[in-house]
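Here's final.json, which has JSON, C-alpha atoms (C1' of nucleotides):
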[["chain", "number", "residue", "atom", "x", "y", "z"],
["A", 789, "MET", "CA", -14.30, 1.86, 26.56],
["A", 790, "ALA", "CA", -12.33, -0.19, 29.03],
["A", 791, "ARG", "CA", -9.45, 1.45, 30.80],
["A", 792, "LYS", "CA", -7.00, -0.98, 29.28],
["A", 793, "LEU", "CA", -7.71, -2.92, 26.13],
["A", 794, "SER", "CA", -6.87, -6.59, 26.37],
["A", 795, "THR", "CA", -4.27, -7.98, 24.02],
["A", 796, "GLY", "CA", -6.92, -10.12, 22.38],
["A", 797, "LEU", "CA", -9.24, -7.22, 21.69],
["A", 798, "LEU", "CA", -6.30, -5.18, 20.43],
["A", 799, "ALA", "CA", -5.61, -7.92, 17.89],
["A", 800, "LEU", "CA", -9.22, -7.90, 16.72],
["A", 801, "ILE", "CA", -9.19, -4.15, 16.36],
["A", 802, "ALA", "CA", -5.89, -4.24, 14.50],
["A", 803, "GLN", "CA", -7.33, -6.82, 12.14],
["A", 804, "ARG", "CA", -10.15, -4.45, 11.18],
["A", 805, "PHE", "CA", -7.80, -1.55, 10.71],
["A", 806, "LYS", "CA", -5.63, -3.73, 8.52],
["A", 807, "ALA", "CA", -8.56, -4.49, 6.28],
["A", 808, "LEU", "CA", -8.96, -0.76, 5.80],
["A", 809, "SER", "CA", -5.26, -0.09, 5.36],
["A", 810, "GLU", "CA", -5.19, -1.04, 1.70],
["A", 811, "PRO", "CA", -6.17, 1.60, -0.89],
["A", 812, "ALA", "CA", -7.63, -1.11, -3.12],
["A", 813, "ARG", "CA", -10.08, -2.17, -0.44],
["A", 814, "LEU", "CA", -10.98, 1.40, 0.41],
["A", 815, "GLU", "CA", -11.67, 1.97, -3.25],
["A", 816, "ILE", "CA", -14.00, -1.01, -3.33],
["A", 817, "LEU", "CA", -15.85, 0.24, -0.26],
["A", 818, "SER", "CA", -16.02, 3.70, -1.75],
["A", 819, "ALA", "CA", -17.47, 2.30, -4.97],
["A", 820, "LEU", "CA", -20.13, 0.52, -2.93],
["A", 821, "ARG", "CA", -21.05, 3.62, -1.04],
["A", 822, "HIS", "CA", -24.21, 4.49, -2.94],
["A", 823, "ASP", "CA", -25.43, 1.22, -4.35],
["A", 824, "GLU", "CA", -24.61, -2.44, -4.43],
["A", 825, "LEU", "CA", -22.46, -3.74, -7.27],
["A", 826, "THR", "CA", -21.59, -7.12, -8.71],
["A", 827, "VAL", "CA", -18.01, -8.34, -8.80],
["A", 828, "SER", "CA", -17.87, -7.60, -12.51],
["A", 829, "GLU", "CA", -19.09, -4.08, -11.98],
["A", 830, "LEU", "CA", -16.49, -3.58, -9.27],
["A", 831, "VAL", "CA", -13.81, -4.89, -11.60],
["A", 832, "GLU", "CA", -14.87, -2.41, -14.23],
["A", 833, "GLU", "CA", -15.28, 0.44, -11.77],
["A", 834, "THR", "CA", -11.89, -0.02, -10.16],
["A", 835, "GLY", "CA", -9.82, -1.33, -13.04],
["A", 836, "MET", "CA", -8.46, -4.09, -10.84],
["A", 837, "GLY", "CA", -8.20, -7.75, -11.87],
["A", 838, "GLN", "CA", -11.16, -10.02, -11.16],
["A", 839, "ALA", "CA", -9.27, -12.41, -8.90],
["A", 840, "ASN", "CA", -7.87, -9.49, -7.01],
["A", 841, "VAL", "CA", -11.27, -7.90, -6.46],
["A", 842, "SER", "CA", -12.65, -11.25, -5.40],
["A", 843, "LYS", "CA", -9.90, -11.77, -2.87],
["A", 844, "HIS", "CA", -10.38, -8.35, -1.34],
["A", 845, "LEU", "CA", -14.12, -8.94, -1.18],
["A", 846, "GLN", "CA", -13.58, -12.19, 0.70],
["A", 847, "MET", "CA", -11.69, -10.34, 3.38],
["A", 848, "LEU", "CA", -14.19, -7.51, 3.60],
["A", 849, "TYR", "CA", -17.00, -10.03, 3.83],
["A", 850, "ALA", "CA", -15.27, -12.16, 6.46],
["A", 851, "LEU", "CA", -14.83, -9.08, 8.63],
["A", 852, "GLY", "CA", -18.39, -7.92, 8.11],
["A", 853, "PHE", "CA", -17.70, -4.80, 6.09],
["A", 854, "VAL", "CA", -19.86, -5.93, 3.17],
["A", 855, "ASP", "CA", -22.95, -8.06, 2.64],
["A", 856, "ARG", "CA", -23.38, -10.55, -0.18],
["A", 857, "ARG", "CA", -26.41, -11.55, -2.22],
["A", 858, "LYS", "CA", -26.47, -14.04, -5.04],
["A", 859, "GLY", "CA", -28.64, -13.24, -8.04],
["A", 860, "GLY", "CA", -28.38, -15.67, -10.92],
["A", 861, "LEU", "CA", -24.85, -15.78, -12.21],
["A", 862, "PHE", "CA", -23.88, -12.64, -10.37],
["A", 863, "VAL", "CA", -22.99, -11.94, -6.79],
["A", 864, "HIS", "CA", -24.04, -8.55, -5.55],
["A", 865, "TYR", "CA", -21.99, -6.92, -2.84],
["A", 866, "ALA", "CA", -23.20, -4.06, -0.67],
["A", 867, "LEU", "CA", -21.88, -2.09, 2.27],
["A", 868, "ALA", "CA", -22.88, -3.71, 5.55],
["A", 869, "ASP", "CA", -23.29, -0.25, 7.04],
["A", 870, "GLN", "CA", -21.94, 3.25, 6.82],
["A", 871, "SER", "CA", -19.61, 3.10, 9.79],
["A", 872, "VAL", "CA", -16.61, 2.78, 7.50],
["A", 873, "PHE", "CA", -17.22, 6.33, 6.43],
["A", 874, "GLU", "CA", -17.45, 7.51, 10.00],
["A", 875, "LEU", "CA", -13.97, 6.13, 10.40],
["A", 876, "CYS", "CA", -12.77, 7.81, 7.24],
["A", 877, "ASP", "CA", -14.29, 11.09, 8.41],
["A", 878, "VAL", "CA", -12.28, 10.99, 11.62],
["A", 879, "ILE", "CA", -9.14, 10.22, 9.66],
["A", 880, "CYS", "CA", -9.86, 12.98, 7.16],
["A", 881, "GLY", "CA", -10.28, 15.41, 10.01],
["A", 882, "ARG", "CA", -6.84, 14.46, 11.24],
["A", 883, "ILE", "CA", -5.34, 14.84, 7.78],
["A", 884, "GLU", "CA", -6.87, 18.27, 7.29],
["A", 885, "ALA", "CA", -5.65, 19.43, 10.69],
["A", 886, "GLN", "CA", -2.14, 18.26, 9.89],
["A", 887, "GLU", "CA", -2.27, 19.92, 6.49],
["A", 888, "LYS", "CA", -3.38, 23.14, 8.06],
["A", 889, "SER", "CA", -0.62, 23.18, 10.67],
["A", 890, "ARG", "CA", 1.91, 22.23, 8.01],
["A", 891, "ARG", "CA", 0.88, 25.22, 5.92],
["A", 892, "LYS", "CA", 1.09, 27.46, 8.94],
["A", 893, "LEU", "CA", 4.65, 26.30, 9.58],
["A", 894, "ILE", "CA", 5.68, 27.04, 6.01],
["A", 895, "ALA", "CA", 4.04, 30.47, 6.04],
["A", 896, "ARG", "CA", 6.31, 31.57, 8.88],
["B", 1441, "MET", "CA", -17.52, 13.96, 2.94],
["B", 1442, "ALA", "CA", -17.02, 14.15, -0.79],
["B", 1443, "ARG", "CA", -19.16, 11.93, -2.97],
["B", 1444, "LYS", "CA", -16.13, 10.14, -4.33],
["B", 1445, "LEU", "CA", -12.81, 10.03, -2.54],
["B", 1446, "SER", "CA", -9.87, 10.79, -4.78],
["B", 1447, "THR", "CA", -7.21, 8.14, -5.19],
["B", 1448, "GLY", "CA", -4.72, 10.40, -3.47],
["B", 1449, "LEU", "CA", -6.88, 10.94, -0.44],
["B", 1450, "LEU", "CA", -7.65, 7.23, -0.30],
["B", 1451, "ALA", "CA", -3.91, 6.56, -0.09],
["B", 1452, "LEU", "CA", -3.52, 9.03, 2.76],
["B", 1453, "ILE", "CA", -6.41, 7.47, 4.64],
["B", 1454, "ALA", "CA", -5.07, 3.98, 4.05],
["B", 1455, "GLN", "CA", -1.71, 5.09, 5.40],
["B", 1456, "ARG", "CA", -3.33, 6.15, 8.68],
["B", 1457, "PHE", "CA", -5.29, 2.92, 8.96],
["B", 1458, "LYS", "CA", -2.10, 0.98, 8.33],
["B", 1459, "ALA", "CA", -0.43, 2.71, 11.24],
["B", 1460, "LEU", "CA", -3.27, 1.46, 13.42],
["B", 1461, "SER", "CA", -3.29, -2.02, 11.94],
["B", 1462, "GLU", "CA", -0.44, -3.28, 14.06],
["B", 1463, "PRO", "CA", -1.23, -4.57, 17.57],
["B", 1464, "ALA", "CA", 2.15, -3.34, 18.80],
["B", 1465, "ARG", "CA", 1.33, 0.24, 17.82],
["B", 1466, "LEU", "CA", -2.15, 0.04, 19.28],
["B", 1467, "GLU", "CA", -0.60, -1.19, 22.49],
["B", 1468, "ILE", "CA", 1.76, 1.80, 22.55],
["B", 1469, "LEU", "CA", -1.12, 4.19, 21.97],
["B", 1470, "SER", "CA", -3.14, 2.42, 24.63],
["B", 1471, "ALA", "CA", -0.27, 2.75, 27.09],
["B", 1472, "LEU", "CA", -0.13, 6.49, 26.36],
["B", 1473, "ARG", "CA", -3.82, 6.92, 26.92],
["B", 1474, "HIS", "CA", -3.65, 8.39, 30.40],
["B", 1475, "ASP", "CA", -0.24, 9.96, 30.62],
["B", 1476, "GLU", "CA", 2.86, 10.60, 28.61],
["B", 1477, "LEU", "CA", 5.68, 8.08, 28.84],
["B", 1478, "THR", "CA", 9.33, 7.95, 27.89],
["B", 1479, "VAL", "CA", 10.61, 5.41, 25.41],
["B", 1480, "SER", "CA", 12.14, 3.42, 28.25],
["B", 1481, "GLU", "CA", 8.86, 3.38, 30.12],
["B", 1482, "LEU", "CA", 7.07, 2.21, 27.00],
["B", 1483, "VAL", "CA", 9.64, -0.53, 26.54],
["B", 1484, "GLU", "CA", 9.04, -1.68, 30.09],
["B", 1485, "GLU", "CA", 5.28, -1.31, 29.84],
["B", 1486, "THR", "CA", 4.93, -3.26, 26.61],
["B", 1487, "GLY", "CA", 7.79, -5.75, 26.92],
["B", 1488, "MET", "CA", 8.88, -4.92, 23.38],
["B", 1489, "GLY", "CA", 12.49, -4.26, 22.33],
["B", 1490, "GLN", "CA", 13.76, -0.70, 22.49],
["B", 1491, "ALA", "CA", 14.56, -0.42, 18.80],
["B", 1492, "ASN", "CA", 11.16, -1.80, 17.98],
["B", 1493, "VAL", "CA", 9.34, 0.68, 20.20],
["B", 1494, "SER", "CA", 11.42, 3.49, 18.77],
["B", 1495, "LYS", "CA", 10.58, 2.51, 15.21],
["B", 1496, "HIS", "CA", 6.88, 2.33, 15.92],
["B", 1497, "LEU", "CA", 7.03, 5.69, 17.64],
["B", 1498, "GLN", "CA", 8.69, 7.24, 14.60],
["B", 1499, "MET", "CA", 5.77, 6.16, 12.46],
["B", 1500, "LEU", "CA", 3.15, 7.30, 14.96],
["B", 1501, "TYR", "CA", 4.91, 10.64, 15.25],
["B", 1502, "ALA", "CA", 5.28, 11.12, 11.51],
["B", 1503, "LEU", "CA", 1.56, 10.58, 11.09],
["B", 1504, "GLY", "CA", 0.67, 12.87, 13.96],
["B", 1505, "PHE", "CA", -0.72, 10.29, 16.35],
["B", 1506, "VAL", "CA", 1.73, 11.22, 19.11],
["B", 1507, "ASP", "CA", 3.58, 14.32, 20.26],
["B", 1508, "ARG", "CA", 7.18, 14.37, 21.37],
["B", 1509, "ARG", "CA", 8.96, 16.34, 24.06],
["B", 1510, "LYS", "CA", 12.58, 16.09, 24.95],
["B", 1511, "GLY", "CA", 13.49, 16.31, 28.62],
["B", 1512, "GLY", "CA", 17.14, 15.77, 29.41],
["B", 1513, "LEU", "CA", 18.24, 12.36, 28.29],
["B", 1514, "PHE", "CA", 14.68, 11.17, 27.89],
["B", 1515, "VAL", "CA", 12.10, 11.69, 25.19],
["B", 1516, "HIS", "CA", 8.54, 11.88, 26.39],
["B", 1517, "TYR", "CA", 5.80, 10.77, 24.07],
["B", 1518, "ALA", "CA", 2.15, 11.65, 24.49],
["B", 1519, "LEU", "CA", -1.05, 11.12, 22.57],
["B", 1520, "ALA", "CA", -1.64, 13.94, 20.11],
["B", 1521, "ASP", "CA", -5.36, 13.68, 20.81],
["B", 1522, "GLN", "CA", -8.03, 11.17, 21.74],
["B", 1523, "SER", "CA", -9.41, 10.58, 18.26],
["B", 1524, "VAL", "CA", -7.63, 7.23, 18.03],
["B", 1525, "PHE", "CA", -10.00, 5.97, 20.68],
["B", 1526, "GLU", "CA", -13.02, 7.27, 18.80],
["B", 1527, "LEU", "CA", -11.85, 5.08, 15.95],
["B", 1528, "CYS", "CA", -11.36, 2.10, 18.25],
["B", 1529, "ASP", "CA", -14.83, 2.66, 19.68],
["B", 1530, "VAL", "CA", -16.43, 2.44, 16.26],
["B", 1531, "ILE", "CA", -14.46, -0.72, 15.53],
["B", 1532, "CYS", "CA", -15.38, -2.21, 18.89],
["B", 1533, "GLY", "CA", -19.02, -1.52, 18.17],
["B", 1534, "ARG", "CA", -18.69, -3.47, 14.95],
["B", 1535, "ILE", "CA", -16.95, -6.34, 16.70],
["B", 1536, "GLU", "CA", -19.62, -6.56, 19.39],
["B", 1537, "ALA", "CA", -22.40, -6.50, 16.82],
["B", 1538, "GLN", "CA", -20.74, -9.31, 14.89],
["B", 1539, "GLU", "CA", -20.21, -11.30, 18.05],
["B", 1540, "LYS", "CA", -23.84, -10.86, 18.98],
["B", 1541, "SER", "CA", -25.15, -12.00, 15.61],
["B", 1542, "ARG", "CA", -22.72, -14.89, 15.64],
["B", 1543, "ARG", "CA", -24.08, -16.04, 18.99],
["B", 1544, "LYS", "CA", -27.62, -15.71, 17.70],
["B", 1545, "LEU", "CA", -26.78, -17.94, 14.76],
["B", 1546, "ILE", "CA", -25.33, -20.62, 16.99],
["B", 1547, "ALA", "CA", -28.30, -20.50, 19.37],
["B", 1548, "ARG", "CA", -30.66, -21.55, 16.58],
["C", 186, "DT", "C1'", -26.51, -31.89, -22.98],
["C", 187, "DG", "C1'", -22.95, -28.72, -24.35],
["C", 188, "DT", "C1'", -21.26, -24.00, -24.29],
["C", 189, "DA", "C1'", -20.58, -19.66, -22.23],
["C", 190, "DT", "C1'", -20.13, -16.58, -18.29],
["C", 191, "DA", "C1'", -19.45, -14.98, -13.37],
["C", 192, "DT", "C1'", -17.17, -15.89, -9.33],
["C", 193, "DA", "C1'", -14.05, -18.25, -6.18],
["C", 194, "DC", "C1'", -9.82, -20.37, -5.14],
["C", 195, "DA", "C1'", -4.96, -22.17, -5.21],
["C", 196, "DA", "C1'", -0.25, -21.31, -6.41],
["C", 197, "DC", "C1'", 3.19, -18.29, -7.32],
["C", 198, "DC", "C1'", 6.35, -14.08, -7.27],
["C", 199, "DA", "C1'", 7.65, -9.55, -5.85],
["C", 200, "DA", "C1'", 7.39, -6.11, -2.50],
["C", 201, "DA", "C1'", 6.50, -4.54, 2.10],
["C", 202, "DT", "C1'", 6.88, -5.14, 7.05],
["C", 203, "DC", "C1'", 7.94, -6.80, 11.78],
["C", 204, "DG", "C1'", 11.31, -7.64, 15.14],
["C", 205, "DT", "C1'", 16.15, -8.11, 16.11],
["C", 206, "DT", "C1'", 21.13, -6.95, 16.43],
["C", 207, "DG", "C1'", 24.54, -3.76, 16.25],
["C", 208, "DT", "C1'", 25.95, 0.94, 16.14],
["C", 209, "DA", "C1'", 25.74, 6.11, 16.09],
["C", 210, "DT", "C1'", 24.28, 10.26, 18.45],
["C", 211, "DA", "C1'", 23.27, 13.26, 22.12],
["C", 212, "DG", "C1'", 22.96, 14.47, 26.67],
["C", 213, "DT", "C1'", 24.33, 13.57, 31.61],
["C", 214, "DT", "C1'", 27.43, 12.82, 35.39],
["C", 215, "DG", "C1'", 31.78, 12.12, 37.80],
["D", 927, "DC", "C1'", 37.51, 14.70, 29.41],
["D", 928, "DA", "C1'", 35.83, 9.91, 30.07],
["D", 929, "DA", "C1'", 32.25, 6.78, 31.14],
["D", 930, "DC", "C1'", 27.48, 6.02, 31.00],
["D", 931, "DT", "C1'", 22.61, 6.15, 29.46],
["D", 932, "DA", "C1'", 18.57, 6.99, 26.46],
["D", 933, "DT", "C1'", 17.16, 7.16, 21.93],
["D", 934, "DA", "C1'", 17.49, 6.81, 16.93],
["D", 935, "DC", "C1'", 18.88, 4.47, 12.93],
["D", 936, "DA", "C1'", 20.73, 1.08, 9.48],
["D", 937, "DA", "C1'", 20.94, -3.60, 8.05],
["D", 938, "DC", "C1'", 19.37, -8.19, 8.09],
["D", 939, "DG", "C1'", 16.23, -12.47, 8.05],
["D", 940, "DA", "C1'", 11.71, -14.21, 8.40],
["D", 941, "DT", "C1'", 6.99, -13.58, 7.50],
["D", 942, "DT", "C1'", 3.11, -11.48, 5.37],
["D", 943, "DT", "C1'", 0.65, -9.60, 1.68],
["D", 944, "DG", "C1'", -0.93, -7.75, -2.96],
["D", 945, "DG", "C1'", -1.58, -8.85, -7.59],
["D", 946, "DT", "C1'", -1.35, -12.18, -11.27],
["D", 947, "DT", "C1'", -2.19, -16.54, -13.79],
["D", 948, "DG", "C1'", -4.52, -20.58, -14.20],
["D", 949, "DT", "C1'", -8.28, -23.46, -12.89],
["D", 950, "DA", "C1'", -12.59, -25.15, -10.57],
["D", 951, "DT", "C1'", -17.44, -24.43, -9.61],
["D", 952, "DA", "C1'", -21.96, -22.94, -10.50],
["D", 953, "DT", "C1'", -25.58, -20.93, -13.08],
["D", 954, "DA", "C1'", -27.74, -19.62, -17.52],
["D", 955, "DC", "C1'", -28.99, -20.63, -22.07],
["D", 956, "DA", "C1'", -29.20, -22.74, -26.72]]
Show me this structure written as structure tokens.
Amino acid sequence: MARKLSTGLLALIAQRFKALSEPARLEILSALRHDELTVSELVEETGMGQANVSKHLQMLYALGFVDRRKGGLFVHYALADQSVFELCDVICGRIEAQEKSRRKLIAR
Amino acid sequence: MARKLSTGLLALIAQRFKALSEPARLEILSALRHDELTVSELVEETGMGQANVSKHLQMLYALGFVDRRKGGLFVHYALADQSVFELCDVICGRIEAQEKSRRKLIAR
DNA sequence: TGTATATACAACCAAATCGTTGTATAGTTG
DNA sequence: CAACTATACAACGATTTGGTTGTATATACA
């Protein structure tokens, strides 16, 4: 990685992080982890409103997190790749480490 | 990673992503990449207001992205670890791939 | 062709968030 | 002690954003 990230690149990176900063969108991505789903299936799976799911999907699609395939009346969405979960893994590692050190502090 | 991420964990993960979803905070982290800096130095480095820098630092500290050390009148902030840049690397990989496929589309 | 269904989209409101201004706190220095 | 400096914090206005409601579009089917 470059020594100093340009302001422009920083903005692009921030944009991606922002897409992942909403539990609703993470839930959608998580639901898509193992197979593709239609919008309706995502609505059912997540319990969110249809328009809401659709809006989140537009953002995830625009930023390349999901792929889209039209089949008849339905639109099938799928994960573009698994890198989202790499990111989550790094974050989870951080959370666990913090949790561990927090427990250690309390134990004293 | 677990097959299905719990809603609670999803919220924790989203919280971390949100901290990274602001260019100003990424810029602060980027400035801290190679050595620790005081708040004043960060203000100078980034051109942001002091109160603004301080507020962002509070969030980054609360979420464990930076460490804090008080020396006299100054408070020195440092990166807690380099994992932020792992995350940025994954994102940058995505951005480059998208850019590449975008160019390919236009070339046609 | 007419009806029904799946998805997208615009408009709206409420809540969250960014940056600023002003002030409080803590530590330093004369 | 008094003046000064670095940092944190509260409050405020402007902007953004998430979710909803209502509607438009497109495809299927009778």
Inset, instruction - Show which residues sit within 10 Å of DT943 (chain D), as number ranges by chain. Count all atoms listed in the file, and ignore same-chain residues fewer than 2 positions away. - result: C: 200-202; D: 941, 945
Would you put the residues from that selection into a file with C-alpha atoms (C1' of nucleotides), as a PDB file, keeping the file's coordinate frame?
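To be explicit, this is the file written out as again.pdb:
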ATOM      1  C1'  DA C 200       7.390  -6.110  -2.500  1.00  0.00           C
ATOM      2  C1'  DA C 201       6.500  -4.540   2.100  1.00  0.00           C
ATOM      3  C1'  DT C 202       6.880  -5.140   7.050  1.00  0.00           C
TER       4       DT C 202
ATOM      5  C1'  DT D 941       6.990 -13.580   7.500  1.00  0.00           C
ATOM      6  C1'  DG D 945      -1.580  -8.850  -7.590  1.00  0.00           C
TER       7       DG D 945
END
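When CA of Asp1529 (chain B) is paired with C1' of DC203 (chain C), their separation reads 25.9 Å.
Using only C-alpha atoms (C1' of nucleotides), we find that the part of chain B lying within 12 Å of chain C comprises B:Lys1458, B:Ala1459, B:Ser1461, B:Glu1462, B:Pro1463, B:Ala1464, B:Arg1465, B:Met1488, B:Gly1489, B:Gln1490, B:Ala1491, B:Asn1492, B:Val1493, B:Ser1494, B:Lys1495, B:His1496, B:Lys1510, B:Gly1511, B:Gly1512, B:Leu1513, B:Phe1514, B:Val1515.
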Inset, instruction - Work out how far C1' of DT933 (chain D) is from CA of Ser1480 (chain B), in Å to one decimal. - result: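 So the two atoms, CA of Ser1480 (chain B) and C1' of DT933 (chain D), lie 8.9 Å apart.
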Inset, instruction - Rank nothing, just name the residue among B:Tyr1501, B:Leu1527, B:Asp1475, B:Glu1536 nearest to chain A, using all atoms listed in the file. - result: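 So, comparing all the options, the nearest one is B:Leu1527.
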Inset, instruction - Show me which bits of chain A are within 7 Å of chain B, counting only C-alpha atoms, as a ChimeraX atom specification. - result: /A:789,792,798-799,801-803,805-806,808-811,814,818,875-877,879-880
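For chain D, the residues no farther than 10 Å from chain B when using all atoms listed in the file are DT931, DA932, DT933, DA934 and DC935 of chain D.
For the pair CA of Arg1508 (chain B) and CA of Lys888 (chain A), the interatomic distance is 19.1 Å.
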Inset, instruction - Rank A:Met847, A:Val854, A:Gln870, A:Arg891 by their smallest atom-to-atom distance to Glu824 (chain A), using only C-alpha atoms, and report the top residue only. - result: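 Closest to Glu824 (chain A) of all the choices is A:Val854.
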